[in-house]
Each structure stands twice: as C-alpha cells, then as structure tokens.
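Just start-v7.cif here, mmCIF, C-alpha atoms:
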```
data_upload
loop_
_atom_site.group_PDB
_atom_site.id
_atom_site.type_symbol
_atom_site.label_atom_id
_atom_site.label_comp_id
_atom_site.auth_asym_id
_atom_site.auth_seq_id
_atom_site.Cartn_x
_atom_site.Cartn_y
_atom_site.Cartn_z
ATOM 1 C CA ASN A 1 83.946 9.523 210.679
ATOM 2 C CA GLY A 2 83.301 12.477 212.950
ATOM 3 C CA ARG A 3 80.560 15.061 213.084
ATOM 4 C CA LEU A 4 81.146 18.823 212.827
ATOM 5 C CA GLY A 5 79.650 21.345 215.240
ATOM 6 C CA ASP A 6 76.775 22.073 212.875
ATOM 7 C CA GLY A 7 75.842 18.380 212.607
ATOM 8 C CA ARG A 8 77.415 17.686 209.196
ATOM 9 C CA ILE A 9 79.662 14.634 208.763
ATOM 10 C CA TYR A 10 83.321 15.600 208.375
ATOM 11 C CA GLN A 11 84.622 15.107 204.839
ATOM 12 C CA TRP A 12 88.119 13.686 204.485
ATOM 13 C CA GLU A 13 90.643 16.145 203.021
ATOM 14 C CA PHE A 14 93.227 15.176 200.426
ATOM 15 C CA GLU A 15 95.769 16.851 198.188
ATOM 16 C CA GLY A 16 96.466 15.684 194.664
ATOM 17 C CA PRO A 17 98.044 16.937 191.443
ATOM 18 C CA ASP A 18 95.181 19.414 190.951
ATOM 19 C CA GLY A 19 95.258 20.756 194.519
ATOM 20 C CA GLU A 20 93.256 20.167 197.682
ATOM 21 C CA PHE A 21 89.846 18.497 197.721
ATOM 22 C CA SER A 22 87.541 16.752 200.175
ATOM 23 C CA ILE A 23 85.206 13.799 199.803
ATOM 24 C CA PRO A 24 82.386 12.353 201.887
ATOM 25 C CA VAL A 25 83.324 8.896 203.148
ATOM 26 C CA PRO A 26 80.571 6.310 203.638
ATOM 27 C CA THR A 27 80.665 4.898 207.142
ATOM 28 C CA GLN A 28 78.876 2.585 209.538
ATOM 29 C CA PHE A 29 79.922 4.653 212.582
ATOM 30 C CA VAL A 30 79.921 8.368 213.361
ATOM 31 C CA MET A 31 81.843 9.394 216.472
ATOM 32 C CA ASN A 32 84.033 12.160 217.785
ATOM 33 C CA ASP A 33 85.846 10.082 220.401
ATOM 34 C CA ARG A 34 89.412 9.665 219.186
ATOM 35 C CA PRO A 35 90.405 6.916 221.687
ATOM 36 C CA THR A 36 87.448 4.782 220.578
ATOM 37 C CA MET A 37 88.208 5.424 216.910
ATOM 38 C CA LEU A 38 91.840 4.447 217.493
ATOM 39 C CA ALA A 39 90.846 1.268 219.367
ATOM 40 C CA MET A 40 88.517 0.260 216.528
ATOM 41 C CA THR A 41 91.225 0.920 213.948
ATOM 42 C CA LEU A 42 93.760 -1.108 215.932
ATOM 43 C CA ALA A 43 91.188 -3.920 216.043
ATOM 44 C CA GLY A 44 91.081 -3.887 212.236
ATOM 45 C CA THR A 45 87.557 -2.527 211.774
ATOM 46 C CA GLY A 46 88.493 0.108 209.201
ATOM 47 C CA LEU A 47 90.426 3.255 208.408
ATOM 48 C CA MET A 48 90.999 6.302 210.607
ATOM 49 C CA TYR A 49 91.553 9.864 209.422
ATOM 50 C CA CYS A 50 93.431 12.115 211.848
ATOM 51 C CA VAL A 51 96.646 14.025 212.397
ATOM 52 C CA GLU A 52 99.758 11.876 212.262
ATOM 53 C CA PRO A 53 101.088 12.518 215.800
ATOM 54 C CA VAL A 54 98.033 10.673 217.190
ATOM 55 C CA PHE A 55 98.991 7.386 215.578
ATOM 56 C CA ALA A 56 102.790 7.851 215.260
ATOM 57 C CA PRO A 57 103.594 5.363 218.069
ATOM 58 C CA TYR A 58 101.476 2.719 216.313
ATOM 59 C CA LEU A 59 103.265 3.353 213.018
ATOM 60 C CA LYS A 60 106.594 2.894 214.778
ATOM 61 C CA SER A 61 105.481 -0.392 216.371
ATOM 62 C CA GLY A 62 103.999 -1.635 213.089
ATOM 63 C CA GLU A 63 100.473 -1.938 214.505
ATOM 64 C CA LEU A 64 99.176 0.583 211.950
ATOM 65 C CA GLN A 65 100.269 1.717 208.531
ATOM 66 C CA ILE A 66 99.528 4.811 206.488
ATOM 67 C CA VAL A 67 97.414 4.363 203.374
ATOM 68 C CA LEU A 68 97.010 6.953 200.623
ATOM 69 C CA GLU A 69 100.094 8.786 201.920
ATOM 70 C CA GLU A 70 100.732 10.385 198.541
ATOM 71 C CA TRP A 71 97.290 12.037 198.839
ATOM 72 C CA ALA A 72 97.723 13.330 202.412
ATOM 73 C CA ALA A 73 96.759 16.962 202.917
ATOM 74 C CA ARG A 74 99.699 18.990 204.182
ATOM 75 C CA GLY A 75 97.920 21.907 205.825
ATOM 76 C CA GLU A 76 99.576 24.677 207.794
ATOM 77 C CA GLY A 77 98.280 23.343 211.094
ATOM 78 C CA TYR A 78 96.108 24.961 213.701
ATOM 79 C CA GLN A 79 95.829 28.718 214.082
ATOM 80 C CA ILE A 80 94.437 30.974 216.809
ATOM 81 C CA TYR A 81 92.828 34.194 215.644
ATOM 82 C CA TYR A 82 92.024 37.056 218.002
ATOM 83 C CA SER A 83 91.275 40.718 217.562
ATOM 84 C CA SER A 84 94.365 42.484 218.910
ATOM 85 C CA ARG A 85 97.878 41.634 220.068
ATOM 86 C CA ARG A 86 97.968 44.761 222.209
ATOM 87 C CA GLN A 87 94.961 43.977 224.392
ATOM 88 C CA VAL A 88 94.875 40.198 224.785
ATOM 89 C CA PRO A 89 92.674 39.143 227.717
ATOM 90 C CA LEU A 90 94.641 37.373 230.441
ATOM 91 C CA GLY A 91 92.705 34.110 230.030
ATOM 92 C CA LEU A 92 93.442 33.975 226.299
ATOM 93 C CA ARG A 93 97.126 34.845 226.857
ATOM 94 C CA LEU A 94 97.414 32.007 229.407
ATOM 95 C CA LEU A 95 95.721 29.578 227.001
ATOM 96 C CA ILE A 96 98.073 30.534 224.155
ATOM 97 C CA ASP A 97 101.109 30.141 226.434
ATOM 98 C CA LEU A 98 99.875 26.737 227.629
ATOM 99 C CA ILE A 99 99.312 25.492 224.070
ATOM 100 C CA ARG A 100 102.815 26.623 223.078
ATOM 101 C CA GLU A 101 104.304 24.864 226.106
ATOM 102 C CA VAL A 102 102.349 21.599 225.916
ATOM 103 C CA ARG A 103 102.236 21.336 222.093
ATOM 104 C CA PRO A 104 99.231 18.991 222.022
ATOM 105 C CA LEU A 105 99.490 16.205 219.470
ATOM 106 C CA GLY A 106 103.099 17.220 218.870
ATOM 107 C CA LEU A 107 101.995 20.169 216.748
#
```

For this file, produce the structure as structure tokens.
Amino acid sequence: NGRLGDGRIYQWEFEGPDGEFSIPVPTQFVMNDRPTMLAMTLAGTGLMYCVEPVFAPYLKSGELQIVLEEWAARGEGYQIYYSSRRQVPLGLRLLIDLIREVRPLGL
C-alpha cells in the first residue's frame, strides 16, 4: 500500500455492478517505491495495486497474473489542469509536450 500526500493510506479503487468504490486494504508494509513493491510482488509476498503498463511485461512472461480483473477500475487516466490555454507558461508547455512524447507508463 502507498501513502497519499496528506499522510492517509491509499484505498484501492474498484468498479462493480453498482459503480465505483474504494476500500482500505490491511497491509504489513506502506511504501511509495514502485520498484520495491514490484520486487516484493514478484517474490510472492502479496498483491500489488497499480496501473497495468507497469506490470505488463510480467504478465506476458507469466511471472505475474491479474486477480480481481472483473472489478478493475477503468478510469479516464491522468489529466493536467491549468488556468488558460492562451497563456501557458513556457515551463508548463514544455512539460506537457514531454509527457505527450514520452507517454510514461504507456499512458
């Protein structure tokens, strides 16, 4: 499990017949380091909740498998909000262009 910026533990998000919901997941570890979480999951220590492109190569190789796939939240993805399209600061424009070019996590 990871911790949010305000110190709360991230609740896992799901989508079922009645819509989206989130639940707190009991855990022995709280960390925000994805490589460590992935290594622990690959070692068989538990489940990992993250976006699919992170673990796609491990699904393909058979090292990991998806559980609760029918409950997976299908959100719209990440969004960037800023005040005006007409007066975008150069630094923000460069960041947006870089994100579009690199497409981190395959998003």

* Asked: Can you find the residues with an atom no farther than 12 Å from (98.0, 33.1, 222.2), counting all atoms listed in the file, and report them as number ranges by chain?
  -> A: 78-101

* Residues within 12 Å of (87.0, 3.6, 216.7), file coords, all atoms listed in the file, listed as a list in words ->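 Result, sorted by chain then residue number: Asn1, Gly2, Thr27, Gln28, Phe29, Val30, Met31, Asn32, Asp33, Arg34, Pro35, Thr36, Met37, Leu38, Ala39, Met40, Thr41, Leu42, Ala43, Gly44, Thr45, Gly46, Leu47, Met48, Tyr49 and Cys50 of chain A.
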
* Counting only C-alpha atoms, which of A:Arg3, A:Phe14, A:Gly19, A:Arg8 gets nearest to Leu68 of chain A? -> A:Phe14

* Residues matched by the PyMOL selection byres ((chain A and resi 52) around 12), written as number ranges by chain -> A: 48-51, 53-60, 64-67, 69, 72-74, 77, 105-107

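Between Pro24 of chain A and the residues A:Ser61, A:Trp12, A:Val102, A:Asp6, the shortest atom-to-atom distance, using only C-alpha atoms, involves A:Trp12.
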
* Asked: Separation of atom CA of Arg103 of chain A and atom CA of Ile9 of chain A, in Å?
  ->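 Rounded to one decimal, the two atoms are 27.1 Å apart.
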
Centre, x/y/z edge lengths, axis-aligned box for segment 37-56 of chain A with 8 Å per side, as JSON:
```
{"center_x": 95.2, "center_y": 5.1, "center_z": 213.9, "size_x": 31.2, "size_y": 33.9, "size_z": 27.0}
```

* the PyMOL selection byres ((chain A and resi 23) around 7) resolved against shown file, as a list in words ->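 Applying the expression gives Gln11, Trp12, Glu13, Phe21, Ser22, Pro24 and Val25 of chain A.
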
Filtering to N, CA, C and O atoms, could segment 23-48 of chain A of the supplied structure be written out as a PDB file, in the first residue's frame?
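Saved file decode_39.pdb follows:
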```pdb
ATOM      1  N   ILE A  23     -11.800   0.725  -1.113  1.00  0.00           N
ATOM      2  CA  ILE A  23     -11.753   0.063   0.189  1.00  0.00           C
ATOM      3  C   ILE A  23     -10.346   0.184   0.775  1.00  0.00           C
ATOM      4  O   ILE A  23      -9.359   0.160   0.044  1.00  0.00           O
ATOM      5  N   PRO A  24     -10.269   0.316   2.099  1.00  0.00           N
ATOM      6  CA  PRO A  24      -8.954   0.268   2.740  1.00  0.00           C
ATOM      7  C   PRO A  24      -8.471  -1.185   2.740  1.00  0.00           C
ATOM      8  O   PRO A  24      -9.255  -2.102   2.956  1.00  0.00           O
ATOM      9  N   VAL A  25      -7.207  -1.383   2.459  1.00  0.00           N
ATOM     10  CA  VAL A  25      -6.651  -2.733   2.408  1.00  0.00           C
ATOM     11  C   VAL A  25      -5.641  -2.891   3.538  1.00  0.00           C
ATOM     12  O   VAL A  25      -4.670  -2.142   3.603  1.00  0.00           O
ATOM     13  N   PRO A  26      -5.882  -3.849   4.437  1.00  0.00           N
ATOM     14  CA  PRO A  26      -4.918  -4.073   5.524  1.00  0.00           C
ATOM     15  C   PRO A  26      -3.561  -4.475   4.945  1.00  0.00           C
ATOM     16  O   PRO A  26      -3.496  -5.205   3.950  1.00  0.00           O
ATOM     17  N   THR A  27      -2.497  -3.992   5.539  1.00  0.00           N
ATOM     18  CA  THR A  27      -1.181  -4.276   4.999  1.00  0.00           C
ATOM     19  C   THR A  27      -0.129  -4.326   6.091  1.00  0.00           C
ATOM     20  O   THR A  27      -0.304  -3.732   7.158  1.00  0.00           O
ATOM     21  N   GLN A  28       0.940  -5.023   5.820  1.00  0.00           N
ATOM     22  CA  GLN A  28       2.093  -5.065   6.716  1.00  0.00           C
ATOM     23  C   GLN A  28       3.115  -3.994   6.328  1.00  0.00           C
ATOM     24  O   GLN A  28       3.955  -3.619   7.121  1.00  0.00           O
ATOM     25  N   PHE A  29       3.053  -3.518   5.069  1.00  0.00           N
ATOM     26  CA  PHE A  29       4.023  -2.568   4.555  1.00  0.00           C
ATOM     27  C   PHE A  29       3.313  -1.367   3.937  1.00  0.00           C
ATOM     28  O   PHE A  29       2.310  -1.517   3.268  1.00  0.00           O
ATOM     29  N   VAL A  30       3.869  -0.185   4.144  1.00  0.00           N
ATOM     30  CA  VAL A  30       3.395   1.020   3.488  1.00  0.00           C
ATOM     31  C   VAL A  30       4.609   1.637   2.804  1.00  0.00           C
ATOM     32  O   VAL A  30       5.599   1.951   3.461  1.00  0.00           O
ATOM     33  N   MET A  31       4.539   1.762   1.472  1.00  0.00           N
ATOM     34  CA  MET A  31       5.657   2.335   0.735  1.00  0.00           C
ATOM     35  C   MET A  31       5.163   2.985  -0.539  1.00  0.00           C
ATOM     36  O   MET A  31       4.091   2.651  -1.031  1.00  0.00           O
ATOM     37  N   ASN A  32       5.923   3.907  -1.045  1.00  0.00           N
ATOM     38  CA  ASN A  32       5.594   4.571  -2.292  1.00  0.00           C
ATOM     39  C   ASN A  32       6.659   4.308  -3.349  1.00  0.00           C
ATOM     40  O   ASN A  32       6.751   5.029  -4.324  1.00  0.00           O
ATOM     41  N   ASP A  33       7.465   3.291  -3.161  1.00  0.00           N
ATOM     42  CA  ASP A  33       8.539   2.971  -4.083  1.00  0.00           C
ATOM     43  C   ASP A  33       8.107   1.812  -4.972  1.00  0.00           C
ATOM     44  O   ASP A  33       8.121   0.654  -4.564  1.00  0.00           O
ATOM     45  N   ARG A  34       7.686   2.150  -6.190  1.00  0.00           N
ATOM     46  CA  ARG A  34       7.127   1.134  -7.083  1.00  0.00           C
ATOM     47  C   ARG A  34       8.110   0.005  -7.384  1.00  0.00           C
ATOM     48  O   ARG A  34       7.708  -1.165  -7.386  1.00  0.00           O
ATOM     49  N   PRO A  35       9.399   0.266  -7.648  1.00  0.00           N
ATOM     50  CA  PRO A  35      10.311  -0.858  -7.913  1.00  0.00           C
ATOM     51  C   PRO A  35      10.390  -1.846  -6.744  1.00  0.00           C
ATOM     52  O   PRO A  35      10.436  -3.058  -6.958  1.00  0.00           O
ATOM     53  N   THR A  36      10.384  -1.340  -5.523  1.00  0.00           N
ATOM     54  CA  THR A  36      10.428  -2.230  -4.359  1.00  0.00           C
ATOM     55  C   THR A  36       9.130  -3.016  -4.250  1.00  0.00           C
ATOM     56  O   THR A  36       9.146  -4.224  -3.973  1.00  0.00           O
ATOM     57  N   MET A  37       8.006  -2.343  -4.466  1.00  0.00           N
ATOM     58  CA  MET A  37       6.713  -3.031  -4.420  1.00  0.00           C
ATOM     59  C   MET A  37       6.662  -4.138  -5.479  1.00  0.00           C
ATOM     60  O   MET A  37       6.197  -5.248  -5.207  1.00  0.00           O
ATOM     61  N   LEU A  38       7.156  -3.844  -6.670  1.00  0.00           N
ATOM     62  CA  LEU A  38       7.156  -4.828  -7.744  1.00  0.00           C
ATOM     63  C   LEU A  38       8.060  -6.001  -7.397  1.00  0.00           C
ATOM     64  O   LEU A  38       7.684  -7.164  -7.594  1.00  0.00           O
ATOM     65  N   ALA A  39       9.250  -5.731  -6.845  1.00  0.00           N
ATOM     66  CA  ALA A  39      10.164  -6.802  -6.454  1.00  0.00           C
ATOM     67  C   ALA A  39       9.533  -7.697  -5.401  1.00  0.00           C
ATOM     68  O   ALA A  39       9.653  -8.929  -5.461  1.00  0.00           O
ATOM     69  N   MET A  40       8.849  -7.099  -4.429  1.00  0.00           N
ATOM     70  CA  MET A  40       8.197  -7.892  -3.382  1.00  0.00           C
ATOM     71  C   MET A  40       7.068  -8.740  -3.962  1.00  0.00           C
ATOM     72  O   MET A  40       6.885  -9.886  -3.569  1.00  0.00           O
ATOM     73  N   THR A  41       6.324  -8.177  -4.899  1.00  0.00           N
ATOM     74  CA  THR A  41       5.238  -8.926  -5.528  1.00  0.00           C
ATOM     75  C   THR A  41       5.794 -10.092  -6.338  1.00  0.00           C
ATOM     76  O   THR A  41       5.282 -11.211  -6.266  1.00  0.00           O
ATOM     77  N   LEU A  42       6.857  -9.834  -7.097  1.00  0.00           N
ATOM     78  CA  LEU A  42       7.492 -10.898  -7.874  1.00  0.00           C
ATOM     79  C   LEU A  42       8.033 -12.005  -6.970  1.00  0.00           C
ATOM     80  O   LEU A  42       8.091 -13.170  -7.370  1.00  0.00           O
ATOM     81  N   ALA A  43       8.423 -11.636  -5.752  1.00  0.00           N
ATOM     82  CA  ALA A  43       8.934 -12.615  -4.790  1.00  0.00           C
ATOM     83  C   ALA A  43       7.803 -13.386  -4.101  1.00  0.00           C
ATOM     84  O   ALA A  43       8.066 -14.287  -3.306  1.00  0.00           O
ATOM     85  N   GLY A  44       6.552 -13.015  -4.399  1.00  0.00           N
ATOM     86  CA  GLY A  44       5.419 -13.745  -3.853  1.00  0.00           C
ATOM     87  C   GLY A  44       4.970 -13.299  -2.476  1.00  0.00           C
ATOM     88  O   GLY A  44       4.302 -14.052  -1.771  1.00  0.00           O
ATOM     89  N   THR A  45       5.301 -12.056  -2.088  1.00  0.00           N
ATOM     90  CA  THR A  45       4.937 -11.597  -0.750  1.00  0.00           C
ATOM     91  C   THR A  45       3.533 -11.026  -0.652  1.00  0.00           C
ATOM     92  O   THR A  45       3.093 -10.691   0.439  1.00  0.00           O
ATOM     93  N   GLY A  46       2.846 -10.845  -1.779  1.00  0.00           N
ATOM     94  CA  GLY A  46       1.487 -10.315  -1.699  1.00  0.00           C
ATOM     95  C   GLY A  46       1.002  -9.775  -3.023  1.00  0.00           C
ATOM     96  O   GLY A  46       1.519 -10.118  -4.086  1.00  0.00           O
ATOM     97  N   LEU A  47      -0.004  -8.921  -2.939  1.00  0.00           N
ATOM     98  CA  LEU A  47      -0.626  -8.317  -4.109  1.00  0.00           C
ATOM     99  C   LEU A  47      -0.100  -6.906  -4.318  1.00  0.00           C
ATOM    100  O   LEU A  47       0.314  -6.245  -3.372  1.00  0.00           O
ATOM    101  N   MET A  48      -0.169  -6.429  -5.555  1.00  0.00           N
ATOM    102  CA  MET A  48       0.228  -5.059  -5.872  1.00  0.00           C
ATOM    103  C   MET A  48      -0.893  -4.401  -6.650  1.00  0.00           C
ATOM    104  O   MET A  48      -1.475  -5.002  -7.546  1.00  0.00           O
TER     105      MET A  48
END
```
